[in-house]
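For reference, data24.txt (compact mmCIF, C-alpha atoms and all ligand atoms):
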# COMPACT_ATOMS: atom_id res chain seq x y z
CA MET A 1 21.40 -24.44 -3.14
CA ILE A 2 20.33 -20.88 -2.42
CA ALA A 3 17.95 -19.94 0.39
CA LYS A 4 16.17 -16.61 0.44
CA ALA A 5 13.92 -15.03 3.05
CA SER A 6 12.52 -11.62 3.75
CA ALA A 7 10.64 -10.08 6.66
CA PRO A 8 8.97 -6.72 7.21
CA ALA A 9 10.01 -4.01 9.60
CA LYS A 10 7.43 -2.83 12.10
CA THR A 11 6.29 0.21 13.93
CA ILE A 12 4.59 0.38 17.31
CA LEU A 13 1.39 2.40 17.22
CA PHE A 14 0.47 2.03 20.88
CA GLY A 15 1.94 0.43 23.99
CA GLU A 16 5.73 0.76 23.86
CA HIS A 17 7.22 0.52 27.36
CA SER A 18 3.88 -0.32 29.01
CA VAL A 19 4.05 -3.66 27.13
CA VAL A 20 7.13 -4.51 29.22
CA TYR A 21 4.80 -4.49 32.29
CA GLY A 22 2.26 -6.82 30.68
CA GLU A 23 0.00 -4.15 29.18
CA PRO A 24 -1.38 -4.60 25.65
CA ALA A 25 0.26 -3.14 22.56
CA ILE A 26 -0.57 -2.52 18.91
CA ALA A 27 2.09 -2.72 16.22
CA GLY A 28 2.08 -3.20 12.50
CA ALA A 29 4.32 -4.55 9.78
CA VAL A 30 5.29 -1.86 7.27
CA ASN A 31 6.20 -1.87 3.60
CA LYS A 32 9.95 -1.84 4.27
CA ARG A 33 11.73 -5.20 4.41
CA ALA A 34 15.00 -6.99 5.16
CA TYR A 35 16.05 -9.58 2.53
CA ILE A 36 18.55 -12.36 3.30
CA THR A 37 20.22 -14.64 0.76
CA ILE A 38 22.34 -17.61 1.83
CA LYS A 39 24.47 -19.72 -0.52
CA PRO A 40 27.52 -21.95 -0.13
CA SER A 41 30.71 -19.94 0.22
CA GLU A 42 33.13 -19.78 -2.69
CA SER A 43 36.01 -19.83 -0.19
CA ASP A 44 36.48 -21.61 3.13
CA ALA A 45 35.25 -18.58 5.07
CA THR A 46 31.73 -17.47 6.03
CA ILE A 47 31.18 -13.93 4.76
CA PHE A 48 28.35 -11.56 5.66
CA ARG A 49 27.69 -8.61 3.36
CA ALA A 50 25.19 -5.79 3.70
CA PRO A 51 25.87 -3.60 0.64
CA ASP A 52 23.10 -1.08 1.45
CA ILE A 53 24.90 -0.10 4.64
CA GLY A 54 28.42 -0.73 3.32
CA PHE A 55 29.14 -3.50 5.84
CA GLU A 56 31.19 -6.66 5.30
CA ALA A 57 32.67 -9.13 7.78
CA GLU A 58 34.12 -12.60 7.99
CA LEU A 59 32.17 -14.57 10.57
CA LEU A 60 33.65 -17.07 13.01
CA THR A 61 30.30 -18.73 13.59
CA PRO A 62 31.21 -21.30 16.29
CA TYR A 63 32.50 -18.45 18.49
CA ARG A 64 29.93 -15.72 17.73
CA LYS A 65 32.84 -13.53 16.61
CA TYR A 66 33.65 -11.63 13.44
CA ILE A 67 36.53 -9.97 11.63
CA LEU A 68 35.44 -6.57 10.33
CA LEU A 69 36.25 -6.07 6.65
CA LYS A 70 34.22 -2.94 5.90
CA GLY A 71 31.78 -0.52 7.57
CA LYS A 72 30.36 -0.20 11.07
CA PRO A 73 28.99 -3.14 13.06
CA GLY A 74 25.35 -2.81 14.06
CA ILE A 75 23.11 -5.66 13.17
CA ILE A 76 25.94 -8.22 13.27
CA ARG A 77 25.22 -9.56 16.78
CA TYR A 78 21.73 -10.73 15.68
CA ILE A 79 23.26 -12.52 12.69
CA LEU A 80 25.95 -14.20 14.81
CA GLU A 81 23.49 -15.30 17.50
CA SER A 82 21.13 -16.79 14.87
CA LEU A 83 24.00 -18.63 13.17
CA TYR A 84 25.29 -19.91 16.50
CA ARG A 85 21.89 -21.44 17.26
CA VAL A 86 21.00 -22.90 13.87
CA HIS A 87 23.98 -23.18 11.54
CA ASP A 88 26.34 -26.19 11.29
CA HIS A 89 29.29 -23.81 10.75
CA THR A 90 30.05 -24.86 7.16
CA PRO A 91 31.23 -21.83 5.11
CA ILE A 92 28.39 -19.81 3.60
CA ASP A 93 27.86 -16.43 1.95
CA ILE A 94 25.16 -14.29 3.53
CA THR A 95 23.84 -11.12 1.93
CA LEU A 96 21.50 -8.68 3.61
CA ASN A 97 19.61 -6.21 1.45
CA SER A 98 17.32 -3.86 3.25
CA ASN A 99 15.24 -0.78 2.63
CA VAL A 100 14.76 -0.31 6.40
CA PRO A 101 17.04 2.51 7.46
CA ILE A 102 19.12 1.43 10.47
CA GLY A 103 18.21 3.62 13.42
CA SER A 104 14.84 4.56 11.95
CA GLY A 105 13.14 2.84 14.88
CA LEU A 106 11.33 0.46 12.56
CA GLY A 107 12.67 -2.63 14.30
CA SER A 108 15.30 -3.48 11.71
CA SER A 109 16.87 -5.97 14.14
CA ALA A 110 13.66 -8.03 14.37
CA ALA A 111 13.18 -8.01 10.58
CA VAL A 112 16.79 -9.13 10.05
CA THR A 113 16.57 -11.81 12.77
CA VAL A 114 13.33 -13.29 11.42
CA ALA A 115 14.69 -13.26 7.86
CA ILE A 116 18.06 -14.86 8.70
CA LEU A 117 16.44 -17.60 10.81
CA ALA A 118 13.90 -18.40 8.09
CA ALA A 119 16.67 -18.50 5.46
CA LEU A 120 18.83 -20.75 7.67
CA TYR A 121 15.93 -23.14 8.32
CA ARG A 122 15.33 -23.35 4.56
CA TYR A 123 19.03 -23.79 3.83
CA HIS A 124 19.32 -26.67 6.30
CA ASN A 125 15.89 -28.08 5.49
CA ILE A 126 14.74 -27.66 9.10
CA ARG A 127 10.96 -27.70 9.60
CA PHE A 128 9.47 -24.55 11.07
CA ASN A 129 6.23 -22.64 11.22
CA LYS A 130 5.41 -19.04 12.03
CA GLN A 131 4.86 -19.80 15.71
CA SER A 132 8.24 -21.54 16.15
CA LEU A 133 10.01 -18.91 14.04
CA ALA A 134 8.56 -15.99 16.04
CA HIS A 135 9.55 -17.78 19.26
CA ASP A 136 13.13 -18.49 18.09
CA ALA A 137 13.58 -14.94 16.80
CA HIS A 138 12.42 -13.61 20.16
CA MET A 139 15.01 -15.83 21.90
CA VAL A 140 17.73 -14.38 19.67
CA GLU A 141 16.61 -10.80 20.43
CA GLN A 142 16.57 -11.56 24.13
CA ALA A 143 20.05 -13.11 24.01
CA VAL A 144 21.43 -10.06 22.21
CA GLN A 145 19.52 -7.27 23.97
CA GLY A 146 19.04 -8.77 27.42
CA VAL A 147 15.46 -7.52 27.45
CA ALA A 148 12.87 -7.63 24.69
CA SER A 149 9.12 -8.11 24.45
CA PRO A 150 7.96 -10.60 21.79
CA LEU A 151 6.17 -7.82 19.91
CA ASP A 152 8.77 -6.91 17.26
CA THR A 153 9.54 -10.47 16.22
CA LEU A 154 5.84 -11.45 16.21
CA VAL A 155 4.97 -8.61 13.86
CA SER A 156 7.96 -9.25 11.57
CA THR A 157 6.92 -12.91 11.36
CA TYR A 158 3.13 -12.64 10.95
CA GLY A 159 2.83 -9.26 9.21
CA GLY A 160 -0.32 -7.17 9.41
CA LEU A 161 -1.55 -5.02 12.24
CA VAL A 162 -1.31 -6.94 15.49
CA TYR A 163 -2.83 -6.52 18.94
CA LEU A 164 -0.90 -8.17 21.77
CA SER A 165 -3.25 -8.68 24.71
CA ARG A 166 -2.49 -8.53 28.44
CA ASN A 167 -2.17 -12.33 28.51
CA LYS A 168 0.24 -12.27 25.56
CA LYS A 169 -2.21 -13.56 22.98
CA ILE A 170 -1.93 -12.02 19.57
CA GLU A 171 -4.85 -11.02 17.42
CA ARG A 172 -4.52 -9.77 13.88
CA PHE A 173 -6.84 -6.91 12.94
CA ASN A 174 -9.05 -7.84 10.08
CA VAL A 175 -9.57 -4.29 8.84
CA ASN A 176 -8.28 -2.33 5.91
CA PHE A 177 -5.81 0.06 7.52
CA ASN A 178 -4.08 1.30 4.42
CA VAL A 179 -3.66 4.88 5.63
CA PRO A 180 -0.52 6.94 5.17
CA PHE A 181 1.88 7.53 8.04
CA VAL A 182 5.04 9.57 8.11
CA VAL A 183 7.88 8.41 10.33
CA GLY A 184 10.48 10.95 11.39
CA TYR A 185 13.80 9.83 12.80
CA THR A 186 16.80 11.57 14.26
CA THR A 187 20.40 10.62 13.69
CA LYS A 188 20.70 10.15 17.47
CA HIS A 189 19.87 6.51 18.30
CA GLY A 190 18.18 5.46 21.52
CA ASN A 191 19.41 2.36 23.30
CA THR A 192 16.38 0.13 23.95
CA GLY A 193 17.93 -1.75 26.90
CA LYS A 194 18.93 1.50 28.61
CA MET A 195 15.54 3.15 28.00
CA VAL A 196 13.69 0.14 29.44
CA LYS A 197 15.98 0.25 32.50
CA ASP A 198 15.50 4.03 32.94
CA VAL A 199 11.71 3.60 32.92
CA ARG A 200 11.97 0.81 35.50
CA ASN A 201 14.11 3.02 37.76
CA ARG A 202 11.63 5.89 37.46
CA ARG A 203 8.80 3.49 38.30
CA ASP A 204 10.71 2.09 41.28
CA ARG A 205 11.32 5.61 42.61
CA ASN A 206 7.69 6.74 42.05
CA PRO A 207 5.50 3.62 42.05
CA LYS A 208 2.28 5.42 43.04
CA ILE A 209 2.62 7.82 40.11
CA ILE A 210 4.09 5.63 37.38
CA ASN A 211 2.10 2.42 37.95
CA PRO A 212 -1.27 4.13 37.31
CA VAL A 213 0.19 5.77 34.18
CA ILE A 214 1.34 2.39 32.86
CA ALA A 215 -2.14 0.98 33.57
CA ALA A 216 -3.70 4.00 31.79
CA MET A 217 -1.45 3.34 28.78
CA GLY A 218 -2.88 -0.17 28.67
CA ASN A 219 -6.45 1.20 28.77
CA LEU A 220 -5.55 3.69 26.05
CA THR A 221 -4.29 0.84 23.85
CA ASN A 222 -7.60 -0.97 24.33
CA TYR A 223 -9.53 2.18 23.31
CA ALA A 224 -7.23 2.42 20.29
CA LYS A 225 -8.09 -1.16 19.36
CA GLN A 226 -11.79 -0.23 19.25
CA ALA A 227 -11.04 2.94 17.26
CA ILE A 228 -9.00 0.95 14.71
CA LEU A 229 -11.81 -1.60 14.32
CA LYS A 230 -14.20 1.29 13.63
CA ARG A 231 -11.62 3.06 11.41
CA ASP A 232 -12.22 6.16 13.55
CA PHE A 233 -9.10 8.08 12.53
CA ALA A 234 -9.89 11.20 14.57
CA LYS A 235 -9.99 9.04 17.71
CA ILE A 236 -6.83 7.14 16.75
CA GLY A 237 -5.04 10.48 16.28
CA GLU A 238 -6.24 11.81 19.62
CA LEU A 239 -5.09 8.65 21.40
CA MET A 240 -1.66 8.88 19.70
CA ASN A 241 -1.31 12.42 21.07
CA ILE A 242 -2.29 11.33 24.59
CA ASN A 243 0.14 8.40 24.35
CA HIS A 244 2.96 10.82 23.51
CA GLY A 245 2.16 12.66 26.74
CA PHE A 246 2.34 9.42 28.73
CA LEU A 247 5.72 8.63 27.18
CA ASP A 248 6.84 12.05 28.41
CA VAL A 249 5.80 11.01 31.92
CA LEU A 250 7.97 7.89 31.56
CA GLY A 251 10.89 10.12 30.53
CA VAL A 252 11.66 8.61 27.12
CA ASN A 253 10.91 11.63 24.94
CA THR A 254 13.69 13.96 23.86
CA LEU A 255 13.73 17.51 22.57
CA GLU A 256 14.26 16.19 19.01
CA LEU A 257 11.38 13.72 19.24
CA SER A 258 8.94 16.24 20.68
CA ARG A 259 10.01 18.87 18.16
CA MET A 260 9.18 16.45 15.34
CA VAL A 261 5.86 15.56 17.00
CA TYR A 262 4.82 19.21 17.32
CA ASN A 263 6.03 20.07 13.80
CA ALA A 264 4.00 17.16 12.42
CA ARG A 265 0.86 18.21 14.29
CA GLU A 266 1.25 21.82 13.18
CA ALA A 267 1.56 20.65 9.56
CA GLY A 268 -1.76 18.81 9.81
CA ALA A 269 -1.05 15.37 11.31
CA ILE A 270 -4.11 14.24 13.26
CA GLY A 271 -1.91 12.29 15.65
CA ALA A 272 1.83 12.12 16.35
CA LYS A 273 3.87 10.33 18.98
CA THR A 274 7.22 8.81 19.76
CA THR A 275 7.36 5.22 18.56
CA GLY A 276 9.63 2.52 19.98
CA ALA A 277 11.99 2.93 22.90
CA GLY A 278 12.60 6.70 22.64
CA GLY A 279 15.72 8.47 23.94
CA GLY A 280 16.45 9.33 20.28
CA GLY A 281 14.96 7.26 17.51
CA SER A 282 11.68 8.04 15.88
CA ILE A 283 8.15 9.37 15.84
CA ILE A 284 5.12 8.27 13.90
CA SER A 285 2.44 10.60 12.62
CA LEU A 286 -0.94 9.83 11.12
CA CYS A 287 -1.59 12.27 8.33
CA PRO A 288 -4.28 11.33 5.81
CA GLY A 289 -4.37 14.01 3.09
CA ARG A 290 -1.39 15.85 4.57
CA VAL A 291 1.55 13.53 3.89
CA GLU A 292 3.62 15.98 1.87
CA GLU A 293 3.06 18.87 4.30
CA VAL A 294 3.97 16.74 7.33
CA ALA A 295 6.97 15.18 5.58
CA GLN A 296 8.24 18.64 4.67
CA ALA A 297 7.72 19.99 8.19
CA ILE A 298 9.75 17.14 9.73
CA ASP A 299 12.34 17.01 6.96
CA ARG A 300 13.59 20.49 7.80
CA ASP A 301 15.83 19.03 10.55
CA ASP A 302 15.43 15.26 10.49
CA ASN A 303 14.96 12.24 8.23
CA ILE A 304 11.57 11.05 7.07
CA LEU A 305 10.09 7.87 5.76
CA LYS A 306 6.63 7.50 4.24
CA ILE A 307 5.17 4.17 5.23
CA ARG A 308 2.03 2.08 4.98
CA PHE A 309 1.05 -0.99 6.92
CA THR A 310 1.25 -4.32 5.11
CA ARG A 311 -0.29 -7.75 5.66
CA LYS A 312 2.76 -9.52 4.27
CA GLY A 313 4.86 -11.23 6.95
CA VAL A 314 7.92 -13.43 6.55
CA SER A 315 8.41 -15.20 3.25
CA SER A 316 11.10 -17.75 2.36
CA ARG A 317 12.13 -20.20 -0.39
CA VAL A 318 14.98 -22.35 -1.59
CA TYR A 319 16.29 -22.49 -5.12
CA SER A 320 18.48 -25.28 -6.44
CA ASP A 321 21.30 -23.87 -8.56
C1 LIG B 1 10.97 -1.07 21.82
O1 LIG B 1 10.74 -1.15 20.39
C2 LIG B 1 9.69 -1.30 22.56
C3 LIG B 1 9.84 -1.36 24.07
O2 LIG B 1 8.53 -1.52 24.60
C4 LIG B 1 10.72 -2.49 24.53
C5 LIG B 1 10.10 -3.85 24.25
O3 LIG B 1 8.89 -3.97 24.08
O4 LIG B 1 10.91 -4.83 24.24
C6 LIG B 1 10.41 -0.06 24.62

Can you present the structure in this file as structure tokens?
Ligand code: MEV
Amino acid sequence: MIAKASAPAKTILFGEHSVVYGEPAIAGAVNKRAYITIKPSESDATIFRAPDIGFEAELLTPYRKYILLKGKPGIIRYILESLYRVHDHTPIDITLNSNVPIGSGLGSSAAVTVAILAALYRYHNIRFNKQSLAHDAHMVEQAVQGVASPLDTLVSTYGGLVYLSRNKKIERFNVNFNVPFVVGYTTKHGNTGKMVKDVRNRRDRNPKIINPVIAAMGNLTNYAKQAILKRDFAKIGELMNINHGFLDVLGVNTLELSRMVYNAREAGAIGAKTTGAGGGGSIISLCPGRVEEVAQAIDRDDNILKIRFTRKGVSSRVYSD
């Protein structure tokens, strides 16, 4: 039997960091996906291969350990944690194919976690639905990262553009939001756990300054929700630019990120901001009619990715061989 599953990567449009303090956020699944295939192993070992990133390892699933065969470990802890929770430790072959660049800030870990869990559930014939899958994937992210909001795994499970409210309810936007974005990412990765901790320390040192900013970021996200519903792109762009300023206040922007943001705006983006945890990582720019110009302006020094939002969430099947 072969089980296959795929899940989309995501990008945060509004609300990174403030979401950690219970404020709303808006994120969307993008047209870049992680694909997992699981089949019985041809040997007595469990092997994980990710040919797109040149990674291969033998997995010791009962111990959450691995023997590196090729490449650099990155995503492996999410795979091991998922296997530890769901798999019966019989030898299997796992292949990850992905067109989500690692380190692009598009939440590759959530996409991989959702896809591996869905494939494992199919492989073992375990019943699941999107709600239980999103919950389990969030538990895996939390176990690996220590801290994680449910946003990434929710979006990778459900797909579409999602609003996470202050009381943690999710709403999917029922609008056509098929506009072009350009993501720019640096080769320097941010560490999400560290960035979240740094923001907390800054808030603890300056509560009267930072708490109102976090609350304002929540209000901004709610304005953005209205602007998205009205497809008011000028307003969405303006709010992205303000949000970038707030992220500066929180201390998560870097010279590289802000350089990309300003280059994108100068090349005609109507909005550009850091997306995700910051401290390295990526920016997102909204650039209808100016995609090539913005891509070129960012590409001078950094990597770019042209993306669109997609409604397609997780998908999974089994095939009998
Ligand atoms: C990271 O993609 C987004 C943060 O808000 C952390 C989280 O929500 O878990 C910085």

Give me the residues within 7 Å of Arg172 of chain A as a CSV table (one decimal) with C-alpha atoms, in the frame of the given file, counting all atoms listed in the file and dropping any in the same chain fewer than 4 places off.
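Once written, part_20.csv looks like this:
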chain,number,residue,atom,x,y,z
A,160,GLY,CA,-0.3,-7.2,9.4
A,161,LEU,CA,-1.6,-5.0,12.2
A,162,VAL,CA,-1.3,-6.9,15.5
A,163,TYR,CA,-2.8,-6.5,18.9

**Request:** Could you please extract the residues within 7 Å of ligand LIG 1 (chain B), counting all atoms listed in the file, and hand them back as a ChimeraX atom specification?
**Result:** /A:15-20,107,147-152,192,195-196,276-277

Set out as a Markdown table a contact list for segment 106-225 of chain A and segment 298-316 of chain A with a cut-off of 6 Å, giving each residue of segment 106-225 of chain A that qualifies its closest atom pair and distance in Å to one decimal, counting only C-alpha atoms, ordered by chain and rising residue number.
| residue | atom | partner | partner_atom | distance |
| --- | --- | --- | --- | --- |
| A:Ser156 | CA | A:Gly313 | CA | 5.9 |
| A:Thr157 | CA | A:Val314 | CA | 4.9 |
| A:Tyr158 | CA | A:Gly313 | CA | 4.6 |
| A:Gly159 | CA | A:Gly313 | CA | 3.6 |
| A:Gly160 | CA | A:Arg311 | CA | 3.8 |
| A:Pro180 | CA | A:Arg308 | CA | 5.5 |
| A:Phe181 | CA | A:Ile307 | CA | 5.5 |
| A:Val182 | CA | A:Lys306 | CA | 4.7 |
| A:Val183 | CA | A:Leu305 | CA | 5.1 |
| A:Gly184 | CA | A:Ile304 | CA | 4.5 |
| A:Tyr185 | CA | A:Asn303 | CA | 5.3 |
| A:Thr186 | CA | A:Asp302 | CA | 5.5 |

**Prompt:** Which residues, protein or nucleic acid, reach to within 10 Å of (20.4, -0.1, 20.8) in the file's coordinates when using all atoms listed in the file, and can you give that as a VMD selection string?
**Reply:** chain A and resid 74 to 75 103 105 109 145 189 to 195 277 281

**Prompt:** What is the atom CA of Ser282 of chain A-atom CA of Lys72 of chain A distance in Å, reported with one decimal?
**Reply:** 21.0 Å

Box centre and edge lengths (Å, one decimal), axis-aligned, segment 54-69 of chain A plus 6 Å each side, as lines of an AutoDock Vina configuration file:
center_x = 32.5
center_y = -11.0
center_z = 10.9
size_x = 20.1
size_y = 32.6
size_z = 27.2

**Request:** Go through A:Ile26, A:Ile12, A:Val114, A:Tyr35 and flag the residue nearest Ala224 of chain A, using only C-alpha atoms for the distances.
**Result:**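 Checking each of A:Ile26, A:Ile12, A:Val114, A:Tyr35 against Ala224 of chain A, counting only C-alpha atoms, the winner is A:Ile26.
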
Would you write out, as JSON lines, a table of all residues in segment 2-80 of chain A that have an atom no more than 10 Å from an atom of segment 138-141 of chain A, listing for each the closest atom pair and the distance in Å to one decimal, considering only C-alpha atoms and ordering rows by chain and rising residue number?
{"residue": "A:Arg77", "atom": "CA", "partner": "A:Val140", "partner_atom": "CA", "distance": 9.4}
{"residue": "A:Tyr78", "atom": "CA", "partner": "A:Val140", "partner_atom": "CA", "distance": 6.7}
{"residue": "A:Ile79", "atom": "CA", "partner": "A:Val140", "partner_atom": "CA", "distance": 9.1}
{"residue": "A:Leu80", "atom": "CA", "partner": "A:Val140", "partner_atom": "CA", "distance": 9.6}

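Between Ile92 of chain A and the residues A:Pro40, A:Ser132, A:Ala57, A:Ala111, the shortest atom-to-atom distance, using only C-alpha atoms, involves A:Pro40.
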
**Request:** Would you mind telling me which residue in A:Glu23, A:Glu58, A:Ile67, A:Ala3 lies nearest to Leu117 of chain A when using all atoms listed in the file?
**Result:** A:Ala3

Mind rebuilding segment 96-119 of chain A with N, CA and C atoms and writing that out as a PDB file, in the coordinates of the input?
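rebuild_27.pdb written:
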ATOM      1  N   LEU A  96      22.678  -9.393   3.093  1.00  0.00           N
ATOM      2  CA  LEU A  96      21.500  -8.680   3.610  1.00  0.00           C
ATOM      3  C   LEU A  96      21.246  -7.472   2.727  1.00  0.00           C
ATOM      4  N   ASN A  97      20.055  -7.422   2.128  1.00  0.00           N
ATOM      5  CA  ASN A  97      19.610  -6.210   1.450  1.00  0.00           C
ATOM      6  C   ASN A  97      18.435  -5.679   2.240  1.00  0.00           C
ATOM      7  N   SER A  98      18.375  -4.383   2.388  1.00  0.00           N
ATOM      8  CA  SER A  98      17.320  -3.860   3.250  1.00  0.00           C
ATOM      9  C   SER A  98      16.941  -2.458   2.823  1.00  0.00           C
ATOM     10  N   ASN A  99      15.630  -2.181   2.827  1.00  0.00           N
ATOM     11  CA  ASN A  99      15.240  -0.780   2.630  1.00  0.00           C
ATOM     12  C   ASN A  99      14.681  -0.214   3.942  1.00  0.00           C
ATOM     13  N   VAL A 100      15.111  -0.829   5.064  1.00  0.00           N
ATOM     14  CA  VAL A 100      14.760  -0.310   6.400  1.00  0.00           C
ATOM     15  C   VAL A 100      15.970   0.477   6.898  1.00  0.00           C
ATOM     16  N   PRO A 101      15.864   1.794   6.979  1.00  0.00           N
ATOM     17  CA  PRO A 101      17.040   2.510   7.460  1.00  0.00           C
ATOM     18  C   PRO A 101      17.384   2.085   8.891  1.00  0.00           C
ATOM     19  N   ILE A 102      18.664   1.771   9.115  1.00  0.00           N
ATOM     20  CA  ILE A 102      19.120   1.430  10.470  1.00  0.00           C
ATOM     21  C   ILE A 102      18.928   2.674  11.338  1.00  0.00           C
ATOM     22  N   GLY A 103      18.397   2.490  12.525  1.00  0.00           N
ATOM     23  CA  GLY A 103      18.210   3.620  13.420  1.00  0.00           C
ATOM     24  C   GLY A 103      16.912   4.371  13.158  1.00  0.00           C
ATOM     25  N   SER A 104      16.091   3.874  12.226  1.00  0.00           N
ATOM     26  CA  SER A 104      14.840   4.560  11.950  1.00  0.00           C
ATOM     27  C   SER A 104      13.773   4.169  12.963  1.00  0.00           C
ATOM     28  N   GLY A 105      14.107   3.249  13.856  1.00  0.00           N
ATOM     29  CA  GLY A 105      13.140   2.840  14.880  1.00  0.00           C
ATOM     30  C   GLY A 105      12.100   1.881  14.346  1.00  0.00           C
ATOM     31  N   LEU A 106      12.325   1.367  13.143  1.00  0.00           N
ATOM     32  CA  LEU A 106      11.330   0.460  12.560  1.00  0.00           C
ATOM     33  C   LEU A 106      11.645  -1.007  12.862  1.00  0.00           C
ATOM     34  N   GLY A 107      12.424  -1.249  13.892  1.00  0.00           N
ATOM     35  CA  GLY A 107      12.670  -2.630  14.300  1.00  0.00           C
ATOM     36  C   GLY A 107      13.453  -3.400  13.274  1.00  0.00           C
ATOM     37  N   SER A 108      14.521  -2.777  12.734  1.00  0.00           N
ATOM     38  CA  SER A 108      15.300  -3.480  11.710  1.00  0.00           C
ATOM     39  C   SER A 108      15.911  -4.752  12.283  1.00  0.00           C
ATOM     40  N   SER A 109      16.236  -4.771  13.577  1.00  0.00           N
ATOM     41  CA  SER A 109      16.870  -5.970  14.140  1.00  0.00           C
ATOM     42  C   SER A 109      15.905  -7.156  14.103  1.00  0.00           C
ATOM     43  N   ALA A 110      14.632  -6.934  14.394  1.00  0.00           N
ATOM     44  CA  ALA A 110      13.660  -8.030  14.370  1.00  0.00           C
ATOM     45  C   ALA A 110      13.467  -8.531  12.937  1.00  0.00           C
ATOM     46  N   ALA A 111      13.377  -7.604  11.985  1.00  0.00           N
ATOM     47  CA  ALA A 111      13.180  -8.010  10.580  1.00  0.00           C
ATOM     48  C   ALA A 111      14.374  -8.847  10.114  1.00  0.00           C
ATOM     49  N   VAL A 112      15.580  -8.405  10.459  1.00  0.00           N
ATOM     50  CA  VAL A 112      16.790  -9.130  10.050  1.00  0.00           C
ATOM     51  C   VAL A 112      16.834 -10.503  10.742  1.00  0.00           C
ATOM     52  N   THR A 113      16.506 -10.543  12.016  1.00  0.00           N
ATOM     53  CA  THR A 113      16.570 -11.810  12.770  1.00  0.00           C
ATOM     54  C   THR A 113      15.571 -12.826  12.209  1.00  0.00           C
ATOM     55  N   VAL A 114      14.342 -12.380  11.966  1.00  0.00           N
ATOM     56  CA  VAL A 114      13.330 -13.290  11.420  1.00  0.00           C
ATOM     57  C   VAL A 114      13.769 -13.784  10.045  1.00  0.00           C
ATOM     58  N   ALA A 115      14.296 -12.876   9.223  1.00  0.00           N
ATOM     59  CA  ALA A 115      14.690 -13.260   7.860  1.00  0.00           C
ATOM     60  C   ALA A 115      15.878 -14.219   7.886  1.00  0.00           C
ATOM     61  N   ILE A 116      16.879 -13.950   8.710  1.00  0.00           N
ATOM     62  CA  ILE A 116      18.060 -14.860   8.700  1.00  0.00           C
ATOM     63  C   ILE A 116      17.683 -16.232   9.238  1.00  0.00           C
ATOM     64  N   LEU A 117      16.838 -16.277  10.284  1.00  0.00           N
ATOM     65  CA  LEU A 117      16.440 -17.600  10.810  1.00  0.00           C
ATOM     66  C   LEU A 117      15.656 -18.383   9.764  1.00  0.00           C
ATOM     67  N   ALA A 118      14.708 -17.710   9.107  1.00  0.00           N
ATOM     68  CA  ALA A 118      13.900 -18.400   8.090  1.00  0.00           C
ATOM     69  C   ALA A 118      14.796 -18.908   6.960  1.00  0.00           C
ATOM     70  N   ALA A 119      15.766 -18.082   6.542  1.00  0.00           N
ATOM     71  CA  ALA A 119      16.670 -18.500   5.460  1.00  0.00           C
ATOM     72  C   ALA A 119      17.534 -19.678   5.916  1.00  0.00           C
TER      73      ALA A 119
END
